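Chemist: Dropping the structure in here first, questions after.
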Amino acid sequence: MQAQLPLYLLPSSEAPWTRGRLRMKLLTQILGLCLALALTNAEHHEHASAVLDRCEGLEMDAVAVNELGIPYFFKGDHLFKGFHGKAELSNESFAELDDHHHLGRVDAAFRMHYEDNTADHDHMFFFLDTKVFSYYQHKLEDGYPKDISEVFPGIPDHLDAAVECPKPECDEDSVIFFKGDDIFHYNVRTKAVDKKEFKSMPNCTSAFRFMEHYYCFHGHMFSKFDPKTGDVHGKYPKEARDYFMRCSKFSNDSDHAERERCSRVHLDAVTSDNAGNIYAFRGHHFLRKDEGSDTLKADTIESAFKELHSEVDTVFSYDGHLYMIKDEQLYIYKVGEPHTHLDGYPKPVKEELGIEGHIDAAFMCEHGDGAHIAHFIKGEHIYDVDMKASPRVPTNERRISLFKKVDAAMCGPGGLKVIVGNHYYHFDSVMLFVAGRALPEQHRVSLELFGCDH
């Protein structure tokens, strides 16, 4: 076999062509390697997202609430937004965290929410090893990351958890830091550190403040605690998946009624029938509260509305029937024991009600002149449908100025309740709701609608 000459010994007429061929071959190999690495990296990220299932009982690294009140749950290099949905990479929302990936996972996080502290109000702080990152509206502040000791003097590195504590819930506007058995109350104004001992609390792997309550997560369990003393009152720990996540299955010792009335996950739909009985739907379960009774009963949607199986989009009551919408299909049940599914249903919502696309909420006020008018909310708009008309068509489109999105709504003799997240707002009429320019008093769904005391 003839030996191949090195390029510098090739004849001048042959060397350029051979050099070009070798360059092309090398370029092809490099491109192939880059493609393989990109595919491997994509598969790794996709696989990581797929296996991160919060309903399997994950121990979260950190929890913080953003400026819109949406909880962010951090696990490794991933992030869960809100109480349901898949994980996404943290660097998609906080890009600079990836620039310091050698620091590892987020150890602790909180949102500085003190209106008197104009410099840091509504900033989100993330702690990674010895560094702290400060974000405002998802943008890293100039000069960050910084050493934790520079921004929060007296606070140790490698934290386990952190949570904001505004006055008067704490004696002064403070941040509570957790590391092992040690608890540090950091005074935001004076920067003084008060080291405390919370004897009745487990060691927190993450902590957060939500709806003016304080929660310490340890593993996939949680305890509600007093931020001043660390005292834990009531039956704790509880299962985090029962109250802070939308899961189809719950712990074996879960009290379904207590879980559904106290869950922090927003309702999918709520309605009351002609008799005044209330039905509230969330995920795979629903609550029922009969008129004149303080007792709430919880059951699976499958057991009472088997054709629906689970997860409705919206529900409203009309003429002794429940109109239930799921995936642009309309199911109708005659109210009774048991509820009776009408033959021929489901039918397309477009065909039955004249409305196209996803509906966020629906309700009827079955009293007064508008007793046969159904109201449908889609995004920031509301439409009317005359249930006695044939064919039914949406009319009277108006814009809602107070809310960008409504989760559920229910109307009765006492007025209209509009549910957004974990709160509801009362309006005396639909007209006042649509025309309103200032939010009325905010009410807690779990406490004031369902009587949950924790």
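A note on labels: chains of the structure tokens are A, B, ... as shown, every chain counts residues from 1, and ligands are counted from 1 in their shown order.
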Please provide as a ChimeraX atom specification all residues within 10 Å of Tyr243 in chain A, with the sequence filter that same-chain residues fewer than 6 positions apart are discarded (counting only C-alpha atoms).

Modeler: /A:83,222,250,258-265

Chemist: Got time to write the residues from that selection, C-alpha atoms, as a PDB file, in the first residue's frame?

Modeler:
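Output below, filename again31.pdb:
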```pdb
ATOM      1  CA  PHE A  83     -49.633  25.133  42.168  1.00  0.00           C
ATOM      2  CA  PHE A 222     -45.166  21.254  55.887  1.00  0.00           C
ATOM      3  CA  PHE A 250     -53.313  12.236  47.745  1.00  0.00           C
ATOM      4  CA  GLU A 258     -60.491  19.454  54.962  1.00  0.00           C
ATOM      5  CA  ARG A 259     -58.020  19.317  52.093  1.00  0.00           C
ATOM      6  CA  GLU A 260     -60.442  20.735  49.532  1.00  0.00           C
ATOM      7  CA  ARG A 261     -61.752  23.543  51.716  1.00  0.00           C
ATOM      8  CA  CYS A 262     -58.254  24.535  52.873  1.00  0.00           C
ATOM      9  CA  SER A 263     -56.330  23.986  49.641  1.00  0.00           C
ATOM     10  CA  ARG A 264     -54.372  26.972  48.309  1.00  0.00           C
ATOM     11  CA  VAL A 265     -54.889  25.795  44.714  1.00  0.00           C
TER      12      VAL A 265
END
```

Chemist: Please provide the set of residues having any atom within 9 Å of Asn91 in chain A, restricted to only C-alpha atoms, with same-chain residues fewer than 5 positions apart removed, written as a tab-separated table (two decimals) with N, CA and C atoms, in the first residue's frame.

Modeler:
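Below is the file result-v8.tsv, written as the result:
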```
chain	number	residue	atom	x	y	z
A	77	ASP	N	-32.07	22.61	39.08
A	77	ASP	CA	-32.01	23.72	38.12
A	77	ASP	C	-33.36	23.97	37.46
A	78	HIS	N	-34.43	23.49	38.11
A	78	HIS	CA	-35.78	23.64	37.57
A	78	HIS	C	-36.67	24.46	38.49
A	79	LEU	N	-37.79	24.87	37.93
A	79	LEU	CA	-38.72	25.76	38.63
A	79	LEU	C	-40.15	25.37	38.28
A	96	GLU	N	-29.42	34.74	34.52
A	96	GLU	CA	-28.08	34.86	35.09
A	96	GLU	C	-27.74	33.76	36.07
A	97	LEU	N	-28.75	33.06	36.60
A	97	LEU	CA	-28.46	31.96	37.51
A	97	LEU	C	-27.62	30.90	36.82
A	98	ASP	N	-27.82	30.76	35.51
A	98	ASP	CA	-27.08	29.75	34.75
A	98	ASP	C	-25.63	30.16	34.55
A	99	ASP	N	-25.35	31.47	34.60
A	99	ASP	CA	-23.97	31.93	34.46
A	99	ASP	C	-23.11	31.54	35.65
```

Chemist: Compare A:Pro348, A:Cys247, A:Phe94, A:Asp61 by their minimum atom-to-atom distance to Gly283 in chain A, counting only C-alpha atoms, and give me the closest one.

Modeler: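 Closest to Gly283 in chain A, using only C-alpha atoms: A:Cys247.
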
Chemist: For Met387 in chain A, which residue out of A:Phe244, A:His341, A:Glu448, A:Phe316 is the nearest one, using only C-alpha atoms?

Modeler: A:Phe316

Chemist: Of the candidates A:Ser303, A:Ser293, A:Thr314, A:Asn277, which one gets nearest to Gln329 in chain A if we count only C-alpha atoms?

Modeler: A:Thr314

Chemist: Rounded to one decimal, what separation in Å do you get between CA of Asn396 in chain A and CA of Asp268 in chain A?

Modeler: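 Rounded to one decimal, the two atoms are 24.8 Å apart.
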
Chemist: Report, in Å with one decimal, the straight-line distance from CA of Pro227 in chain A to CA of Gly154 in chain A.

Modeler: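 Pair CA of Pro227 in chain A / CA of Gly154 in chain A returns 19.3 Å.
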
Chemist: Quick one: DSSP helix (DSSP H, G or I) residues in range 231-347 of chain A, as an MDAnalysis selection string?

Modeler: chainID A and resid 240:243 256:262 301:304

Chemist: Write the residues you've just listed into a file as a compact mmCIF listing (two decimals), in the first residue's frame, and include N, CA, C and O atoms for each of them.

Modeler:
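In the end it all went to selection25.txt:
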```txt
# COMPACT_ATOMS: atom_id res chain seq x y z
N ALA A 240 -47.75 18.32 51.85
CA ALA A 240 -47.73 19.50 50.97
C ALA A 240 -48.55 19.27 49.70
O ALA A 240 -49.18 20.19 49.19
N ARG A 241 -48.58 18.03 49.19
CA ARG A 241 -49.32 17.76 47.97
C ARG A 241 -50.82 17.93 48.15
O ARG A 241 -51.55 18.16 47.19
N ASP A 242 -51.29 17.83 49.37
CA ASP A 242 -52.73 17.98 49.63
C ASP A 242 -53.18 19.44 49.58
O ASP A 242 -54.37 19.71 49.37
N TYR A 243 -52.26 20.38 49.82
CA TYR A 243 -52.67 21.78 49.99
C TYR A 243 -52.00 22.75 49.02
O TYR A 243 -52.55 23.82 48.74
N HIS A 256 -60.33 14.37 52.85
CA HIS A 256 -60.70 15.01 51.58
C HIS A 256 -61.44 16.34 51.79
O HIS A 256 -61.17 17.32 51.09
N ALA A 257 -62.36 16.37 52.74
CA ALA A 257 -63.13 17.60 52.96
C ALA A 257 -62.24 18.73 53.46
O ALA A 257 -62.30 19.86 52.98
N GLU A 258 -61.38 18.42 54.43
CA GLU A 258 -60.49 19.45 54.96
C GLU A 258 -59.51 19.91 53.88
O GLU A 258 -59.24 21.11 53.74
N ARG A 259 -58.98 18.96 53.13
CA ARG A 259 -58.02 19.32 52.09
C ARG A 259 -58.64 20.25 51.06
O ARG A 259 -58.05 21.27 50.69
N GLU A 260 -59.83 19.93 50.59
CA GLU A 260 -60.44 20.73 49.53
C GLU A 260 -60.86 22.12 50.02
O GLU A 260 -60.75 23.10 49.29
N ARG A 261 -61.33 22.22 51.25
CA ARG A 261 -61.75 23.54 51.72
C ARG A 261 -60.56 24.40 52.12
O ARG A 261 -60.63 25.64 52.09
N CYS A 262 -59.42 23.77 52.44
CA CYS A 262 -58.25 24.53 52.87
C CYS A 262 -57.16 24.61 51.82
O CYS A 262 -56.13 25.24 52.05
N ILE A 301 -65.04 13.99 41.27
CA ILE A 301 -65.94 14.33 40.16
C ILE A 301 -66.40 13.06 39.46
O ILE A 301 -67.55 12.94 39.05
N GLU A 302 -65.51 12.10 39.37
CA GLU A 302 -65.80 10.82 38.73
C GLU A 302 -67.00 10.13 39.36
O GLU A 302 -67.84 9.53 38.67
N SER A 303 -67.12 10.22 40.69
CA SER A 303 -68.19 9.49 41.39
C SER A 303 -69.57 10.10 41.17
O SER A 303 -70.57 9.39 41.12
N ALA A 304 -69.63 11.44 41.01
CA ALA A 304 -70.93 12.10 40.88
C ALA A 304 -71.24 12.50 39.43
O ALA A 304 -72.41 12.61 39.06
```
